[in-house]
$ cat entry-v6.json   # JSON, C-alpha atoms
[["chain", "number", "residue", "atom", "x", "y", "z"],
["A", 292, "MET", "CA", 27.93, -56.25, 76.98],
["A", 293, "PRO", "CA", 25.74, -53.54, 75.44],
["A", 294, "ASP", "CA", 24.03, -54.20, 72.16],
["A", 295, "ILE", "CA", 25.54, -51.88, 69.56],
["A", 296, "HIS", "CA", 22.80, -52.44, 66.98],
["A", 297, "LYS", "CA", 19.96, -51.20, 69.21],
["A", 298, "SER", "CA", 19.35, -47.54, 68.56],
["A", 299, "LYS", "CA", 17.63, -45.40, 71.11],
["A", 300, "GLU", "CA", 15.08, -42.84, 70.07],
["A", 301, "THR", "CA", 15.98, -39.22, 70.42],
["A", 302, "PRO", "CA", 13.49, -37.05, 72.32],
["A", 303, "ALA", "CA", 12.23, -35.59, 69.03],
["A", 304, "GLN", "CA", 11.67, -39.07, 67.59],
["A", 305, "LYS", "CA", 9.89, -40.18, 70.74],
["A", 306, "ILE", "CA", 7.58, -37.15, 70.61],
["A", 307, "LYS", "CA", 6.81, -37.84, 66.95],
["A", 308, "HIS", "CA", 6.12, -41.49, 67.73],
["A", 309, "LEU", "CA", 3.76, -40.59, 70.60],
["A", 310, "GLU", "CA", 1.96, -38.01, 68.44],
["A", 311, "ARG", "CA", 1.40, -40.67, 65.78],
["A", 312, "GLU", "CA", -0.02, -43.06, 68.39],
["A", 313, "LEU", "CA", -2.32, -40.34, 69.69],
["A", 314, "GLU", "CA", -3.53, -39.58, 66.17],
["A", 315, "ASP", "CA", -4.20, -43.29, 65.59],
["A", 316, "GLU", "CA", -6.26, -43.53, 68.78],
["A", 317, "LYS", "CA", -8.28, -40.46, 67.77],
["A", 318, "LEU", "CA", -8.85, -42.06, 64.39],
["A", 319, "LYS", "CA", -10.15, -45.25, 66.00],
["A", 320, "LYS", "CA", -12.53, -43.41, 68.30],
["A", 321, "SER", "CA", -13.80, -40.97, 65.68],
["A", 322, "SER", "CA", -14.56, -43.76, 63.20],
["A", 323, "ALA", "CA", -16.43, -45.83, 65.78],
["A", 324, "GLN", "CA", -18.68, -43.04, 67.07],
["A", 325, "PRO", "CA", -21.09, -42.62, 64.13],
["A", 326, "TYR", "CA", -22.03, -46.30, 64.22],
["A", 327, "GLY", "CA", -22.36, -46.61, 67.98],
["A", 328, "TRP", "CA", -19.71, -49.32, 67.89],
["A", 329, "TYR", "CA", -16.44, -49.23, 69.73],
["A", 330, "TYR", "CA", -13.38, -50.93, 68.33],
["A", 331, "GLY", "CA", -12.54, -54.13, 70.11],
["A", 332, "GLN", "CA", -16.08, -55.01, 71.21],
["A", 333, "ARG", "CA", -17.88, -57.96, 69.67],
["A", 334, "ALA", "CA", -21.39, -56.78, 70.50],
["A", 335, "TRP", "CA", -22.81, -57.25, 67.02],
["A", 336, "GLY", "CA", -20.99, -60.39, 65.95],
["A", 337, "TRP", "CA", -20.62, -60.57, 62.18],
["A", 338, "THR", "CA", -22.06, -57.08, 61.64],
["A", 339, "ALA", "CA", -19.13, -55.47, 63.47],
["A", 340, "LYS", "CA", -16.79, -56.71, 60.75],
["A", 341, "LYS", "CA", -18.87, -55.09, 58.02],
["A", 342, "VAL", "CA", -19.09, -51.83, 59.94],
["A", 343, "LEU", "CA", -15.32, -51.85, 60.43],
["A", 344, "ILE", "CA", -14.71, -52.41, 56.71],
["A", 345, "ARG", "CA", -17.14, -49.63, 55.82],
["A", 346, "SER", "CA", -15.64, -47.18, 58.31],
["A", 347, "ILE", "CA", -12.06, -47.91, 57.18],
["A", 348, "TRP", "CA", -13.06, -47.33, 53.57],
["A", 349, "GLU", "CA", -14.85, -44.06, 54.47],
["A", 350, "ILE", "CA", -11.75, -42.83, 56.31],
["A", 351, "LYS", "CA", -9.68, -43.63, 53.22],
["A", 352, "GLU", "CA", -12.10, -41.65, 51.03],
["A", 353, "GLU", "CA", -12.30, -38.66, 53.39],
["A", 354, "THR", "CA", -8.64, -38.24, 54.31],
["A", 355, "THR", "CA", -5.34, -38.18, 52.50],
["A", 356, "ARG", "CA", -3.99, -41.09, 54.53],
["A", 357, "LYS", "CA", -2.98, -44.25, 52.73],
["A", 358, "LEU", "CA", -4.97, -47.42, 53.18],
["A", 359, "THR", "CA", -1.90, -49.18, 54.56],
["A", 360, "SER", "CA", -1.57, -46.77, 57.50],
["A", 361, "ILE", "CA", -5.31, -46.90, 58.25],
["A", 362, "CYS", "CA", -5.29, -50.70, 58.15],
["A", 363, "ARG", "CA", -2.31, -50.76, 60.50],
["A", 364, "VAL", "CA", -4.33, -48.76, 63.04],
["A", 365, "PHE", "CA", -7.23, -51.23, 62.89],
["A", 366, "ASP", "CA", -5.07, -54.39, 62.70],
["A", 367, "ARG", "CA", -6.25, -55.33, 59.20],
["A", 368, "SER", "CA", -4.37, -56.02, 55.99],
["A", 369, "PRO", "CA", -4.86, -53.84, 52.90],
["A", 370, "GLN", "CA", -5.26, -56.99, 50.80],
["A", 371, "GLY", "CA", -8.12, -58.11, 53.03],
["A", 372, "MET", "CA", -9.76, -54.72, 52.66],
["A", 373, "TYR", "CA", -9.60, -54.81, 48.88],
["A", 374, "GLN", "CA", -10.98, -58.36, 48.88],
["A", 375, "ALA", "CA", -13.85, -57.36, 51.16],
["A", 376, "ILE", "CA", -14.74, -54.34, 49.00],
["A", 377, "LYS", "CA", -14.64, -56.57, 45.92],
["A", 378, "ARG", "CA", -17.01, -59.06, 47.60],
["A", 379, "ILE", "CA", -19.40, -56.26, 48.61],
["A", 380, "LYS", "CA", -19.48, -54.81, 45.08],
["A", 381, "THR", "CA", -19.95, -58.25, 43.51],
["A", 382, "ARG", "CA", -22.84, -59.00, 45.85],
["A", 383, "ALA", "CA", -24.45, -55.62, 45.09],
["A", 384, "ASN", "CA", -24.17, -56.31, 41.34],
["A", 385, "GLU", "CA", -25.74, -59.76, 41.80],
["A", 386, "LEU", "CA", -28.68, -58.33, 43.74],
["A", 387, "ALA", "CA", -29.25, -55.27, 41.53],
["A", 388, "PRO", "CA", -31.84, -56.98, 39.25],
["A", 389, "VAL", "CA", -33.76, -58.26, 42.28],
["A", 390, "ASN", "CA", -33.70, -54.81, 43.84],
["A", 391, "ASP", "CA", -34.98, -53.22, 40.62],
["A", 392, "PHE", "CA", -37.76, -55.81, 40.38],
["A", 393, "VAL", "CA", -38.85, -55.27, 43.99],
["A", 394, "MET", "CA", -38.78, -51.49, 43.67],
["A", 395, "TYR", "CA", -40.87, -51.66, 40.48],
["A", 396, "TRP", "CA", -43.59, -53.65, 42.25],
["A", 397, "ARG", "CA", -43.44, -51.50, 45.35],
["A", 398, "ASN", "CA", -44.06, -48.41, 43.20],
["A", 399, "PHE", "CA", -46.76, -50.19, 41.19],
["A", 400, "ILE", "CA", -48.61, -51.74, 44.17],
["A", 401, "PRO", "CA", -47.27, -50.11, 47.35],
["A", 402, "ARG", "CA", -49.56, -51.94, 49.79],
["A", 403, "VAL", "CA", -48.52, -55.45, 48.80],
["A", 404, "GLY", "CA", -45.60, -56.86, 50.73],
["A", 405, "GLY", "CA", -44.44, -53.57, 52.23],
["A", 406, "LYS", "CA", -43.86, -55.08, 55.62],
["A", 407, "LYS", "CA", -42.02, -58.05, 54.15],
["A", 408, "LEU", "CA", -39.76, -55.97, 51.92],
["A", 409, "ASP", "CA", -38.78, -53.24, 54.38],
["A", 410, "PRO", "CA", -35.79, -54.01, 56.56],
["A", 411, "PRO", "CA", -36.58, -53.90, 60.30],
["A", 412, "SER", "CA", -35.89, -50.56, 61.93]]

$ encode --input "entry-v6.json" --output "structure tokens"
Amino acid sequence: MPDIHKSKETPAQKIKHLERELEDEKLKKSSAQPYGWYYGQRAWGWTAKKVLIRSIWEIKEETTRKLTSICRVFDRSPQGMYQAIKRIKTRANELAPVNDFVMYWRNFIPRVGGKKLDPPS
């Protein structure tokens, strides 16, 4: 007995659906290229998560797409994104006085501790 409630896609709906999937794949690949990181790989461990959060947020800022649709592409929840951004901003605010202090001394005495304070390249 055929299921009456299942609706089949019309050809136009199927084309629209496939176009959306293609656009999502392009979005994934274009966001991963600048960082040299490809979605799905765990080459960097914990850093990959931060790069993903940063790239999702940059896509949201650059495009007119909603965060919900971008998060759906990358298998993340919008709530998790907002929480991660909140944690990043809180951490930056906590470290701002330390950063100011270090930059003051680096300008005042540039030779002292330069190698210790610079992040590795």

$ closest_residue --input "entry-v6.json" --among "A:Val364, A:Gln374, A:Pro401, A:Leu386" --to "Arg311 (chain A)" --atoms "only C-alpha atoms"
A:Val364

$ closest_residue --input "entry-v6.json" --among "A:Lys341, A:Ile347, A:Ile400, A:Ala375" --to "Thr359 (chain A)" --atoms "only C-alpha atoms"
A:Ile347

$ atom_distance --input "entry-v6.json" --atom1 "CA of Tyr373 (chain A)" --atom2 "CA of Lys320 (chain A)"
22.7 Å

$ atom_distance --input "entry-v6.json" --atom1 "CA of Gly371 (chain A)" --atom2 "CA of Ile344 (chain A)"
9.5 Å

$ decode --input "entry-v6.json" --residues "region 361-409 of chain A" --atoms "N, CA and C atoms" --output "tab-separated table (two decimals), in the first residue's frame"
chain	number	residue	atom	x	y	z
A	361	ILE	N	24.24	28.89	8.07
A	361	ILE	CA	25.68	28.63	8.01
A	361	ILE	C	26.04	27.51	8.98
A	362	CYS	N	25.47	27.54	10.16
A	362	CYS	CA	25.74	26.50	11.15
A	362	CYS	C	25.24	25.14	10.68
A	363	ARG	N	24.14	25.12	9.96
A	363	ARG	CA	23.62	23.87	9.43
A	363	ARG	C	24.61	23.25	8.45
A	364	VAL	N	25.28	24.10	7.66
A	364	VAL	CA	26.25	23.60	6.69
A	364	VAL	C	27.43	22.95	7.42
A	365	PHE	N	27.86	23.54	8.52
A	365	PHE	CA	29.04	23.05	9.23
A	365	PHE	C	28.70	22.14	10.41
A	366	ASP	N	27.47	21.71	10.52
A	366	ASP	CA	27.02	20.79	11.58
A	366	ASP	C	27.29	21.35	12.98
A	367	ARG	N	26.97	22.60	13.18
A	367	ARG	CA	27.10	23.26	14.48
A	367	ARG	C	25.77	23.87	14.84
A	368	SER	N	25.59	24.18	16.13
A	368	SER	CA	24.36	24.84	16.55
A	368	SER	C	24.62	26.33	16.72
A	369	PRO	N	23.65	27.16	16.39
A	369	PRO	CA	23.83	28.61	16.59
A	369	PRO	C	24.08	28.96	18.05
A	370	GLN	N	23.44	28.25	18.96
A	370	GLN	CA	23.65	28.51	20.38
A	370	GLN	C	25.12	28.26	20.76
A	371	GLY	N	25.69	27.20	20.24
A	371	GLY	CA	27.09	26.89	20.50
A	371	GLY	C	28.02	27.96	19.94
A	372	MET	N	27.63	28.50	18.79
A	372	MET	CA	28.44	29.58	18.19
A	372	MET	C	28.41	30.82	19.07
A	373	TYR	N	27.24	31.21	19.51
A	373	TYR	CA	27.14	32.40	20.36
A	373	TYR	C	27.88	32.19	21.68
A	374	GLN	N	27.82	30.99	22.23
A	374	GLN	CA	28.55	30.70	23.46
A	374	GLN	C	30.06	30.78	23.24
A	375	ALA	N	30.53	30.25	22.11
A	375	ALA	CA	31.96	30.28	21.81
A	375	ALA	C	32.44	31.72	21.63
A	376	ILE	N	31.67	32.53	20.91
A	376	ILE	CA	32.05	33.93	20.71
A	376	ILE	C	32.07	34.66	22.04
A	377	LYS	N	31.11	34.35	22.90
A	377	LYS	CA	31.08	34.98	24.23
A	377	LYS	C	32.32	34.60	25.04
A	378	ARG	N	32.72	33.32	24.96
A	378	ARG	CA	33.92	32.87	25.68
A	378	ARG	C	35.17	33.56	25.14
A	379	ILE	N	35.26	33.71	23.82
A	379	ILE	CA	36.43	34.36	23.20
A	379	ILE	C	36.52	35.81	23.64
A	380	LYS	N	35.38	36.52	23.61
A	380	LYS	CA	35.39	37.93	24.01
A	380	LYS	C	35.70	38.09	25.50
A	381	THR	N	35.17	37.21	26.34
A	381	THR	CA	35.45	37.27	27.77
A	381	THR	C	36.94	37.05	28.03
A	382	ARG	N	37.50	36.08	27.35
A	382	ARG	CA	38.94	35.79	27.51
A	382	ARG	C	39.78	36.97	27.05
A	383	ALA	N	39.41	37.60	25.93
A	383	ALA	CA	40.15	38.76	25.43
A	383	ALA	C	40.07	39.92	26.43
A	384	ASN	N	38.91	40.12	27.05
A	384	ASN	CA	38.76	41.18	28.05
A	384	ASN	C	39.59	40.89	29.29
A	385	GLU	N	39.69	39.61	29.68
A	385	GLU	CA	40.49	39.25	30.84
A	385	GLU	C	41.97	39.49	30.59
A	386	LEU	N	42.43	39.23	29.36
A	386	LEU	CA	43.84	39.35	29.05
A	386	LEU	C	44.25	40.74	28.56
A	387	ALA	N	43.30	41.64	28.38
A	387	ALA	CA	43.62	42.98	27.88
A	387	ALA	C	44.61	43.73	28.78
A	388	PRO	N	44.45	43.74	30.12
A	388	PRO	CA	45.44	44.43	30.95
A	388	PRO	C	46.84	43.83	30.83
A	389	VAL	N	46.92	42.51	30.74
A	389	VAL	CA	48.22	41.86	30.59
A	389	VAL	C	48.85	42.25	29.26
A	390	ASN	N	48.05	42.28	28.22
A	390	ASN	CA	48.55	42.65	26.90
A	390	ASN	C	49.05	44.09	26.90
A	391	ASP	N	48.31	44.99	27.52
A	391	ASP	CA	48.74	46.38	27.61
A	391	ASP	C	50.06	46.50	28.37
A	392	PHE	N	50.18	45.77	29.48
A	392	PHE	CA	51.39	45.80	30.28
A	392	PHE	C	52.59	45.30	29.48
A	393	VAL	N	52.42	44.19	28.78
A	393	VAL	CA	53.50	43.62	27.99
A	393	VAL	C	53.89	44.56	26.86
A	394	MET	N	52.92	45.14	26.19
A	394	MET	CA	53.23	46.04	25.07
A	394	MET	C	53.94	47.31	25.57
A	395	TYR	N	53.58	47.79	26.76
A	395	TYR	CA	54.26	48.95	27.32
A	395	TYR	C	55.74	48.65	27.51
A	396	TRP	N	56.06	47.49	28.13
A	396	TRP	CA	57.45	47.16	28.38
A	396	TRP	C	58.20	46.80	27.11
A	397	ARG	N	57.51	46.27	26.14
A	397	ARG	CA	58.18	45.97	24.87
A	397	ARG	C	58.54	47.26	24.14
A	398	ASN	N	57.70	48.29	24.25
A	398	ASN	CA	58.03	49.58	23.65
A	398	ASN	C	59.13	50.29	24.45
A	399	PHE	N	59.10	50.14	25.76
A	399	PHE	CA	60.04	50.81	26.64
A	399	PHE	C	61.43	50.17	26.55
A	400	ILE	N	61.49	48.84	26.61
A	400	ILE	CA	62.75	48.10	26.53
A	400	ILE	C	62.55	46.97	25.52
A	401	PRO	N	62.75	47.25	24.22
A	401	PRO	CA	62.40	46.25	23.21
A	401	PRO	C	63.28	45.00	23.21
A	402	ARG	N	64.49	45.08	23.74
A	402	ARG	CA	65.38	43.91	23.69
A	402	ARG	C	65.05	42.86	24.75
A	403	VAL	N	64.42	43.27	25.81
A	403	VAL	CA	64.18	42.36	26.93
A	403	VAL	C	62.95	41.50	26.66
A	404	GLY	N	63.15	40.22	26.64
A	404	GLY	CA	62.03	39.29	26.55
A	404	GLY	C	61.33	39.23	25.21
A	405	GLY	N	61.94	39.75	24.17
A	405	GLY	CA	61.29	39.73	22.86
A	405	GLY	C	61.02	38.34	22.35
A	406	LYS	N	61.99	37.46	22.57
A	406	LYS	CA	61.81	36.09	22.09
A	406	LYS	C	60.77	35.34	22.90
A	407	LYS	N	60.67	35.69	24.20
A	407	LYS	CA	59.70	35.01	25.05
A	407	LYS	C	58.28	35.49	24.77
A	408	LEU	N	58.14	36.77	24.40
A	408	LEU	CA	56.81	37.34	24.25
A	408	LEU	C	56.22	37.15	22.87
A	409	ASP	N	57.06	36.96	21.86
A	409	ASP	CA	56.55	36.78	20.51
A	409	ASP	C	56.03	35.36	20.36
